[in-house]
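*Asks:* Contents of work_23.txt (compact mmCIF, C-alpha atoms) are given next:
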# COMPACT_ATOMS: atom_id res chain seq x y z
CA MET A 57 0.00 0.00 0.00
CA LYS A 58 0.93 3.64 -0.37
CA PHE A 59 0.25 6.31 2.22
CA LEU A 60 1.33 9.86 3.04
CA HIS A 61 3.35 10.45 6.20
CA SER A 62 3.11 13.99 7.60
CA ALA A 63 3.66 15.62 11.00
CA ASP A 64 4.10 18.85 12.95
CA TRP A 65 1.44 21.00 11.33
CA GLN A 66 1.35 23.16 14.48
CA LEU A 67 -1.81 24.95 13.42
CA GLY A 68 -2.32 28.16 15.37
CA LYS A 69 1.39 28.89 15.70
CA PRO A 70 1.54 32.56 16.74
CA TYR A 71 4.71 33.76 14.92
CA GLY A 72 5.04 36.46 17.54
CA ARG A 73 8.33 37.86 16.23
CA PHE A 74 6.71 39.10 13.01
CA GLU A 75 4.49 42.04 12.12
CA PRO A 76 0.75 41.28 11.78
CA ASP A 77 0.75 41.07 7.97
CA ILE A 78 3.55 38.48 7.98
CA ARG A 79 1.93 36.53 10.81
CA ALA A 80 -1.32 36.34 8.87
CA VAL A 81 0.21 34.95 5.68
CA LEU A 82 2.35 32.40 7.54
CA THR A 83 -0.66 31.26 9.54
CA GLU A 84 -2.75 30.82 6.41
CA ALA A 85 0.04 28.87 4.70
CA ARG A 86 -0.17 26.20 7.38
CA PHE A 87 -3.85 25.68 6.64
CA ASP A 88 -3.12 25.67 2.92
CA ALA A 89 -0.66 22.81 3.52
CA ILE A 90 -3.60 20.61 4.52
CA ASP A 91 -5.14 21.17 1.08
CA THR A 92 -1.79 20.48 -0.55
CA LEU A 93 -1.57 17.13 1.25
CA GLY A 94 -5.16 16.20 0.41
CA LYS A 95 -4.83 17.08 -3.28
CA ALA A 96 -1.52 15.21 -3.57
CA ALA A 97 -3.02 12.10 -2.01
CA VAL A 98 -5.95 12.09 -4.41
CA GLU A 99 -3.68 12.62 -7.41
CA LEU A 100 -1.43 9.75 -6.31
CA GLY A 101 -4.33 7.42 -5.57
CA ILE A 102 -3.52 7.40 -1.86
CA VAL A 103 -6.28 6.80 0.68
CA HIS A 104 -4.52 7.25 4.02
CA ILE A 105 -2.65 10.26 5.44
CA LEU A 106 -0.87 9.59 8.75
CA VAL A 107 -0.05 12.68 10.82
CA ALA A 108 2.54 11.97 13.52
CA GLY A 109 1.65 14.48 16.19
CA ASP A 110 1.57 18.22 16.84
CA ILE A 111 -1.35 18.86 14.54
CA PHE A 112 -2.01 21.92 16.70
CA ASP A 113 0.57 24.25 18.21
CA ASN A 114 -0.99 24.11 21.68
CA GLU A 115 -3.74 22.38 23.61
CA GLY A 116 -6.07 25.38 23.58
CA PRO A 117 -6.36 26.68 20.00
CA GLU A 118 -9.05 29.12 18.96
CA ASP A 119 -12.28 27.70 17.55
CA ARG A 120 -11.39 29.11 14.12
CA THR A 121 -8.19 27.05 14.10
CA ILE A 122 -10.10 23.83 14.80
CA VAL A 123 -12.86 24.61 12.29
CA GLN A 124 -10.35 25.50 9.58
CA ALA A 125 -8.39 22.29 10.19
CA VAL A 126 -11.45 20.05 10.10
CA SER A 127 -13.04 21.77 7.11
CA ARG A 128 -9.81 21.70 5.09
CA MET A 129 -9.41 17.97 5.72
CA GLY A 130 -13.06 17.38 4.85
CA ARG A 131 -12.59 18.78 1.34
CA HIS A 132 -10.59 15.74 0.24
CA ASN A 133 -11.69 12.15 -0.27
CA VAL A 134 -9.00 10.62 1.93
CA LYS A 135 -8.74 9.25 5.47
CA TRP A 136 -6.85 11.33 8.01
CA TRP A 137 -5.24 9.64 11.02
CA LEU A 138 -4.33 12.23 13.67
CA LEU A 139 -1.95 11.44 16.53
CA PRO A 140 -1.68 13.74 19.59
CA GLY A 141 1.89 14.96 20.10
CA ASN A 142 3.62 16.92 22.84
CA HIS A 143 2.12 20.28 21.79
CA ASP A 144 -1.42 18.85 21.58
CA PHE A 145 -1.28 15.89 23.95
CA ALA A 146 -4.37 13.79 24.67
CA ARG A 147 -5.56 14.84 28.10
CA ASN A 148 -9.10 14.01 29.19
CA GLY A 149 -11.67 16.62 28.29
CA GLY A 150 -9.16 18.67 26.35
CA LEU A 151 -8.51 19.75 22.81
CA TRP A 152 -9.35 16.47 21.13
CA ASN A 153 -12.92 16.38 22.50
CA ARG A 154 -13.41 19.76 20.82
CA VAL A 155 -12.04 18.35 17.56
CA ARG A 156 -14.29 15.26 17.77
CA GLN A 157 -17.37 17.45 18.03
CA ARG A 158 -16.58 18.88 14.61
CA ALA A 159 -14.73 16.02 12.90
CA GLU A 160 -16.22 14.35 9.86
CA ASP A 161 -16.20 10.66 8.95
CA GLY A 162 -12.81 10.71 7.26
CA ILE A 163 -10.96 11.89 10.39
CA THR A 164 -9.80 9.48 13.09
CA ILE A 165 -8.23 10.83 16.29
CA LEU A 166 -5.74 8.35 17.71
CA SER A 167 -5.96 9.42 21.35
CA ASP A 168 -5.80 5.82 22.63
CA ALA A 169 -3.01 3.31 22.16
CA THR A 170 -5.27 0.96 20.26
CA PRO A 171 -4.25 -0.67 16.95
CA TYR A 172 -6.44 -0.12 13.89
CA GLU A 173 -6.76 -2.38 10.88
CA ILE A 174 -6.84 0.37 8.28
CA ASP A 175 -6.95 -2.06 5.35
CA SER A 176 -7.07 -5.84 5.05
CA GLY A 177 -4.06 -7.16 6.99
CA ILE A 178 -2.57 -3.67 7.39
CA TRP A 179 -2.44 -2.47 10.97
CA LEU A 180 -1.69 0.99 12.33
CA LEU A 181 -0.13 1.09 15.81
CA PRO A 182 -0.46 4.55 17.41
CA ALA A 183 1.52 5.90 20.38
CA PRO A 184 -0.35 9.07 21.43
CA LEU A 185 1.26 11.30 24.03
CA VAL A 186 -0.91 11.84 27.10
CA HIS A 187 1.48 14.38 28.66
CA ARG A 188 3.69 17.03 27.14
CA HIS A 189 6.78 15.28 28.48
CA ASN A 190 6.76 11.54 29.02
CA LEU A 191 9.56 9.76 30.86
CA GLU A 192 8.81 6.40 29.24
CA ASP A 193 9.31 5.45 25.62
CA PRO A 194 5.84 6.06 24.13
CA THR A 195 6.40 3.29 21.57
CA ALA A 196 7.21 0.54 24.10
CA GLN A 197 3.55 -0.47 24.09
CA PHE A 198 3.87 -1.54 20.44
CA ASP A 199 5.54 -4.77 21.62
CA GLY A 200 2.33 -6.05 23.18
CA MET A 201 -0.16 -4.86 20.57
CA GLU A 202 -1.98 -7.73 18.91
CA THR A 203 -2.53 -7.44 15.17
CA PRO A 204 -4.27 -10.65 14.01
CA GLY A 205 -3.46 -11.66 10.45
CA ALA A 206 -1.14 -8.73 9.96
CA THR A 207 0.79 -8.51 6.70
CA LEU A 208 2.07 -5.00 7.51
CA ARG A 209 2.55 -3.25 10.87
CA ILE A 210 2.95 0.55 10.79
CA GLY A 211 3.94 2.47 13.90
CA LEU A 212 2.93 6.12 14.39
CA ALA A 213 4.66 8.13 17.13
CA HIS A 214 5.95 11.52 18.21
CA GLY A 215 9.25 11.98 20.01
CA SER A 216 13.03 11.93 19.76
CA ILE A 217 14.72 8.88 18.35
CA ARG A 218 17.88 10.50 19.66
CA ASP A 219 18.80 13.70 21.45
CA PHE A 220 18.42 16.61 19.02
CA GLY A 221 19.88 19.06 21.53
CA SER A 222 18.54 22.61 21.43
CA GLN A 223 16.76 22.12 18.10
CA GLY A 224 14.37 19.36 19.14
CA GLU A 225 12.56 17.89 22.11
CA THR A 226 14.75 15.87 24.48
CA LYS A 227 11.83 14.18 26.24
CA ASN A 228 9.64 11.39 24.85
CA GLN A 229 12.69 9.33 23.90
CA ILE A 230 12.09 6.49 21.43
CA ALA A 231 14.30 3.42 21.23
CA PRO A 232 16.42 3.66 18.06
CA ASP A 233 15.73 -0.03 17.30
CA ARG A 234 11.97 0.21 17.83
CA VAL A 235 11.25 -1.22 14.37
CA ARG A 236 13.12 -4.42 15.20
CA ARG A 237 11.77 -4.71 18.73
CA SER A 238 8.14 -4.29 17.71
CA ARG A 239 8.32 -6.06 14.34
CA LEU A 240 7.30 -2.95 12.43
CA ASP A 241 7.42 -2.56 8.68
CA TYR A 242 7.59 1.22 9.01
CA LEU A 243 7.77 3.72 11.87
CA ALA A 244 6.30 7.15 11.02
CA LEU A 245 7.64 9.80 13.38
CA GLY A 246 6.99 13.43 14.20
CA ASP A 247 8.83 16.03 16.32
CA TRP A 248 11.84 16.86 14.11
CA HIS A 249 10.82 19.59 11.66
CA GLY A 250 12.78 18.42 8.63
CA VAL A 251 12.82 15.19 6.65
CA LEU A 252 15.14 12.78 8.44
CA LYS A 253 15.90 9.15 7.65
CA VAL A 254 16.87 7.27 10.83
CA ASP A 255 17.07 3.94 9.03
CA GLN A 256 15.36 2.36 6.04
CA ARG A 257 12.13 1.80 7.97
CA THR A 258 12.20 4.76 10.38
CA TRP A 259 11.60 8.30 9.12
CA TYR A 260 10.66 11.77 10.26
CA ALA A 261 8.46 13.58 7.74
CA GLY A 262 9.10 17.06 9.08
CA THR A 263 6.64 19.92 8.95
CA PRO A 264 4.75 20.48 5.68
CA GLU A 265 5.38 24.23 5.91
CA THR A 266 8.77 25.33 7.21
CA ASP A 267 8.50 27.56 10.27
CA ARG A 268 11.99 28.66 11.31
CA PHE A 269 15.41 29.74 10.10
CA GLN A 270 16.85 26.26 10.41
CA ARG A 271 17.10 24.84 6.93
CA ASP A 272 16.82 26.04 3.35
CA GLU A 273 14.52 23.30 2.11
CA PRO A 274 10.78 24.02 2.11
CA GLY A 275 8.39 21.71 3.97
CA HIS A 276 7.76 18.16 2.85
CA ALA A 277 5.65 15.09 3.40
CA LEU A 278 6.72 11.52 2.64
CA VAL A 279 5.12 9.18 0.12
CA VAL A 280 5.61 5.71 1.58
CA ASP A 281 5.19 2.57 -0.53
CA LEU A 282 5.04 -0.59 1.59
CA ALA A 283 4.87 -4.24 0.62
CA THR A 284 5.54 -7.47 2.45
CA GLY A 285 9.02 -8.86 2.02
CA ARG A 286 10.82 -5.71 0.88
CA GLU A 287 12.06 -2.45 2.33
CA PRO A 288 9.85 0.63 2.08
CA GLU A 289 10.17 3.02 -0.82
CA VAL A 290 10.11 6.51 0.68
CA THR A 291 9.90 9.62 -1.50
CA PRO A 292 9.87 13.22 -0.17
CA LEU A 293 7.03 15.30 -1.60
CA ARG A 294 7.38 19.07 -1.51
CA THR A 295 4.44 20.73 0.22
CA GLY A 296 5.84 24.01 1.54
CA ARG A 297 5.15 27.41 0.09
CA PHE A 298 7.67 29.58 1.94
CA ILE A 299 11.45 29.22 2.01
CA TRP A 300 13.36 30.30 5.11
CA LEU A 301 16.96 31.12 4.26
CA ARG A 302 20.02 31.83 6.34
CA ARG A 303 22.79 33.55 4.44
CA GLU A 304 26.16 34.97 5.45
CA TRP A 305 27.76 37.48 3.10
CA LEU A 306 31.40 38.47 3.45
CA VAL A 307 31.57 41.83 1.68
CA ASN A 308 34.48 44.25 1.64
CA ASP A 309 33.11 46.70 -0.90
CA LEU A 310 29.89 47.68 -2.61
CA ALA A 311 30.69 45.60 -5.71
CA ALA A 312 30.90 42.40 -3.65
CA PHE A 313 27.61 43.27 -1.95
CA ASP A 314 25.88 43.89 -5.28
CA ALA A 315 27.13 40.55 -6.62
CA GLU A 316 25.71 38.67 -3.61
CA ASN A 317 22.43 40.51 -3.91
CA ASP A 318 22.14 39.66 -7.62
CA ARG A 319 22.94 35.98 -6.99
CA LEU A 320 20.23 35.75 -4.37
CA LEU A 321 17.53 37.32 -6.51
CA ALA A 322 18.45 35.17 -9.50
CA ALA A 323 18.06 31.97 -7.48
CA VAL A 324 14.74 32.48 -5.68
CA ASP A 325 11.22 33.81 -5.97
CA PRO A 326 11.58 36.77 -3.58
CA ALA A 327 7.89 36.82 -2.66
CA VAL A 328 8.13 33.46 -0.86
CA VAL A 329 11.50 34.00 0.84
CA LEU A 330 12.13 34.86 4.47
CA LEU A 331 15.80 35.74 4.84
CA GLN A 332 18.02 36.02 7.88
CA LEU A 333 21.09 37.80 6.53
CA THR A 334 24.39 38.19 8.38
CA LEU A 335 26.89 40.67 6.95
CA SER A 336 30.57 40.68 7.82
CA GLY A 337 33.73 42.26 6.47
CA ILE A 338 35.66 45.53 6.57
CA THR A 339 34.54 48.17 4.12
CA GLY A 340 34.42 51.88 3.67
CA LEU A 341 31.96 53.68 5.87
CA SER A 342 30.08 55.16 2.93
CA ASP A 343 29.85 51.69 1.32
CA ARG A 344 28.47 50.21 4.54
CA ILE A 345 25.82 52.89 4.71
CA ALA A 346 24.94 52.31 1.04
CA MET A 347 24.61 48.56 1.62
CA LEU A 348 22.27 48.96 4.58
CA ARG A 349 20.21 51.53 2.72
CA HIS A 350 19.81 49.15 -0.21
CA LEU A 351 18.68 46.37 2.11
CA GLU A 352 16.17 48.65 3.81
CA ASP A 353 14.86 50.45 0.74
CA ASP A 354 14.91 47.66 -1.85
CA LEU A 355 15.56 44.05 -0.81
CA ALA A 356 13.31 44.23 2.26
CA HIS A 357 10.42 45.21 -0.02
CA ARG A 358 11.11 42.42 -2.52
CA LEU A 359 11.30 39.60 0.03
CA ARG A 360 8.50 38.36 2.23
CA TYR A 361 10.67 39.14 5.27
CA LEU A 362 14.24 40.30 5.89
CA ASP A 363 16.21 40.16 9.13
CA VAL A 364 19.62 41.88 8.80
CA ARG A 365 22.47 41.34 11.25
CA ALA A 366 25.31 43.71 10.46
CA ASP A 367 27.28 44.03 13.70
CA ASN A 368 30.28 42.31 12.10
CA LEU A 369 30.31 44.56 9.06
CA VAL A 370 32.92 47.13 10.00
CA GLY A 371 32.61 50.47 8.29
CA ARG A 372 35.93 52.28 8.36
CA PRO A 373 35.90 55.89 7.17
CA SER A 374 37.92 56.37 4.02
CA ASP A 375 40.25 59.31 3.51
CA ASP A 376 37.54 60.88 1.34
CA ASP A 377 34.96 60.38 4.12
CA LEU A 378 37.22 62.06 6.67
CA ALA A 379 38.15 64.82 4.24
CA THR A 380 34.46 65.55 3.71
CA LEU A 381 33.93 65.94 7.44
CA ALA A 382 37.25 67.67 8.13
CA VAL A 383 36.02 70.97 6.70
CA GLU A 384 33.13 71.04 9.16
CA GLY A 385 35.09 72.47 12.10
CA MET A 386 34.10 70.82 15.37
CA LEU A 387 32.25 68.10 13.45
CA GLY A 388 35.45 67.23 11.64
CA ALA A 389 37.46 67.21 14.86
CA ALA A 390 34.97 64.83 16.43
CA ALA A 391 35.16 62.54 13.38
CA ALA A 392 38.96 62.44 13.56
CA LYS A 393 38.89 61.56 17.25
CA LEU A 394 36.36 58.79 16.69
CA ALA A 395 38.36 57.40 13.76
CA ALA A 396 41.41 57.14 16.00
CA GLY A 397 39.31 55.38 18.63
CA ILE A 398 38.26 52.67 16.18
CA ASP A 399 41.81 51.34 16.12
CA ALA A 400 41.71 50.69 19.85
CA GLU A 401 40.46 47.38 21.22
CA GLY A 402 37.47 46.55 23.36
CA GLN A 403 34.17 48.24 24.03
CA ASP A 404 35.47 51.75 23.33
CA ALA A 405 36.36 50.78 19.76
CA THR A 406 32.86 49.40 19.20
CA LEU A 407 31.28 52.57 20.55
CA ALA A 408 33.60 54.72 18.42
CA LYS A 409 32.66 52.77 15.30
CA ARG A 410 28.94 53.21 15.93
CA ALA A 411 29.30 56.87 16.84
CA LEU A 412 31.29 57.68 13.71
CA GLU A 413 28.81 55.85 11.53
CA ARG A 414 25.93 57.75 13.10
CA LEU A 415 27.82 61.02 12.66
CA PHE A 416 28.40 60.30 8.99
CA VAL A 417 24.80 59.18 8.43
CA GLU A 418 23.36 62.30 9.99
CA TYR A 419 25.79 64.49 8.07
CA SER A 420 24.86 62.75 4.80
CA ARG A 421 21.18 63.32 5.41
CA GLU A 422 21.54 67.06 5.57
CA GLU A 423 20.70 68.95 2.43
CA ARG A 424 23.88 70.53 1.14
CA PRO A 425 23.66 73.96 -0.54
In structure tokens, write the structure found in this file.
*Replies:*
Amino acid sequence: MKFLHSADWQLGKPYGRFEPDIRAVLTEARFDAIDTLGKAAVELGIVHILVAGDIFDNEGPEDRTIVQAVSRMGRHNVKWWLLPGNHDFARNGGLWNRVRQRAEDGITILSDATPYEIDSGIWLLPAPLVHRHNLEDPTAQFDGMETPGATLRIGLAHGSIRDFGSQGETKNQIAPDRVRRSRLDYLALGDWHGVLKVDQRTWYAGTPETDRFQRDEPGHALVVDLATGREPEVTPLRTGRFIWLRREWLVNDLAAFDAENDRLLAAVDPAVVLLQLTLSGITGLSDRIAMLRHLEDDLAHRLRYLDVRADNLVGRPSDDDLATLAVEGMLGAAAAKLAAGIDAEGQDATLAKRALERLFVEYSREERP
């Protein structure tokens, strides 16, 4: 059989760091990903979509979030299997009762560790989380699950197959050899937000819509083709709309900056790019100001979002810069003193650099006769 493996939708994610217009479009993209999954399944002749936890970003989403999720899933002639994760764990009387009140026939909430025969001889073994952080391996119960006449056993879980450090949950640890221990043909996991192959039969699908500056690839789901007696065929399927990029540009003059800018715009669709840009290098003060102005006045308007980090881009005043200020009397004397201070080490040099840049910026803004 073929099925789609997805996870970590995190519907209702607040995106608090962004302005309201950006928050709105990123929020809507997560709902749109449901339609993308449903349409892809129908086109591929797939009946089942397994979602390995964190369908919602928290256990108390707004009613609109629940209604949008249920209605989007209901548009498509597929079966949705939803597993509670650590963000939306299955506590009594909580979120999932609210979802059940609105869910249609094609949606099954796997809030109990009960196996389901989803097709003849094909069993789904769920490991829902009942707390945000569980000390026990949530998949240990797979060992004792009875699946009469099973030709395929598919595990569905949410947690860390290994310690992901600061970029993933460190609770809800799953045994790395769970497939062997529990005689699984495939283990569909959620929690890690990118596609990750643990072994041939154990995969993370990642989030269908990327949500952080962590990787360049857009969101994916996995098309899984299972058959008795052979290893799974797993194919990533692009589902994400937005691309979150991290870039570091080493630029020592305006020409190098322009070249990097041109390369970026030639490689992407700016309207779907969120960029975290770090600038470093030693350049002329006037060039540094020109670079930052270009980013603020042009690139920021082309991209969906731009976050510039320029603390390591040192703007040293050129002889021409200093000569321009030197004729300004006390202003020129202050510029010369600050320029000398830049060569010193420590906090004073940093303050001198910023003060001289501000002095030059304000001077440049004045209308000259």
*Asks:* Here is a test: counting all atoms listed in the file, which residue of A:Asp241, A:Glu265, A:Asp119, A:Glu75 is nearest to Leu93 (chain A)?
*Replies:* A:Glu265
*Asks:* How many Å separate CA of Thr284 (chain A) from CA of Lys135 (chain A)?
*Replies:*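 If I compute the distance from CA of Thr284 (chain A) to CA of Lys135 (chain A), I get 22.2 Å.
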*Asks:* Please check which residues have atoms at most 7 Å from (4.6, -9.4, 18.8) in the file's coordinates, counting all atoms listed in the file, and write them as a list in words.
*Replies:*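 Taken together, the residues in range are Asp199, Gly200, Met201, Glu202, Ser238 and Arg239 of chain A.
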*Asks:* List as a VMD selection string the protein and nucleic acid residues near Glu192 (chain A), meaning an atom at most 8 Å away when all atoms listed in the file are counted, but skip any in the same chain fewer than 4 places from it.
*Replies:* chain A and resid 196 228 to 229
*Asks:* Could you give me, as number ranges by chain, the residues that have an atom at most 10 Å away from the point (-10.4, 21.2, 9.4) in the coordinates of the file, using all atoms listed in the file?
*Replies:* A: 87, 90-91, 120-131, 155, 158-160, 163
*Asks:* Any idea what the distance is between CA of Ser62 (chain A) and CA of Pro140 (chain A)?
*Replies:*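 According to the coordinates, CA of Ser62 (chain A) and CA of Pro140 (chain A) are separated by 12.9 Å.
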*Asks:* Nearest to His276 (chain A): which of A:Lys227, A:Lys393, A:His61, A:His214 is it, counting all atoms listed in the file?
*Replies:*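 Comparing A:Lys227, A:Lys393, A:His61, A:His214 against His276 (chain A), the winner is A:His61.
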*Asks:* I'd like the interatomic distance between CA of Leu181 (chain A) and CA of Ile210 (chain A), to a tenth of an Å.
*Replies:* 5.9 Å
*Asks:* Go through A:Ile338, A:Arg209, A:Gly296, A:Ile230 one by one, measure the shortest atom-to-atom distance of each to Arg257 (chain A) using all atoms listed in the file, and give the residue with the smallest value.
*Replies:*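 Looking at the shortest contact to Arg257 (chain A), the residue is A:Arg209.
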*Asks:* Counting only C-alpha atoms, which of A:Arg344, A:Arg294, A:Arg237, A:Arg302 gets nearest to Asp314 (chain A)?
*Replies:*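 Once distances to Asp314 (chain A) are computed over only C-alpha atoms, the minimum belongs to A:Arg344.
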*Asks:* Let me make sure I understand: among A:Arg154, A:His132, A:Arg358, A:Lys409, which one has the smallest atom-to-atom distance to Ala392 (chain A) if we use only C-alpha atoms?
*Replies:*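 For Ala392 (chain A), the nearest of the given residues is A:Lys409.
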*Asks:* Which neighbours of His143 (chain A) fall inside 6 Å, counting only C-alpha atoms, when residues of the same chain fewer than 4 positions from it are skipped, and could you give them as a ChimeraX atom specification?
*Replies:* /A:110,113-114
*Asks:* Using all atoms listed in the file, which residues sit within 9 Å of Gly275 (chain A) once same-chain residues fewer than 5 positions away are excluded, as a PyMOL selection string?
*Replies:* chain A and resi 249-251+261-267+293-299
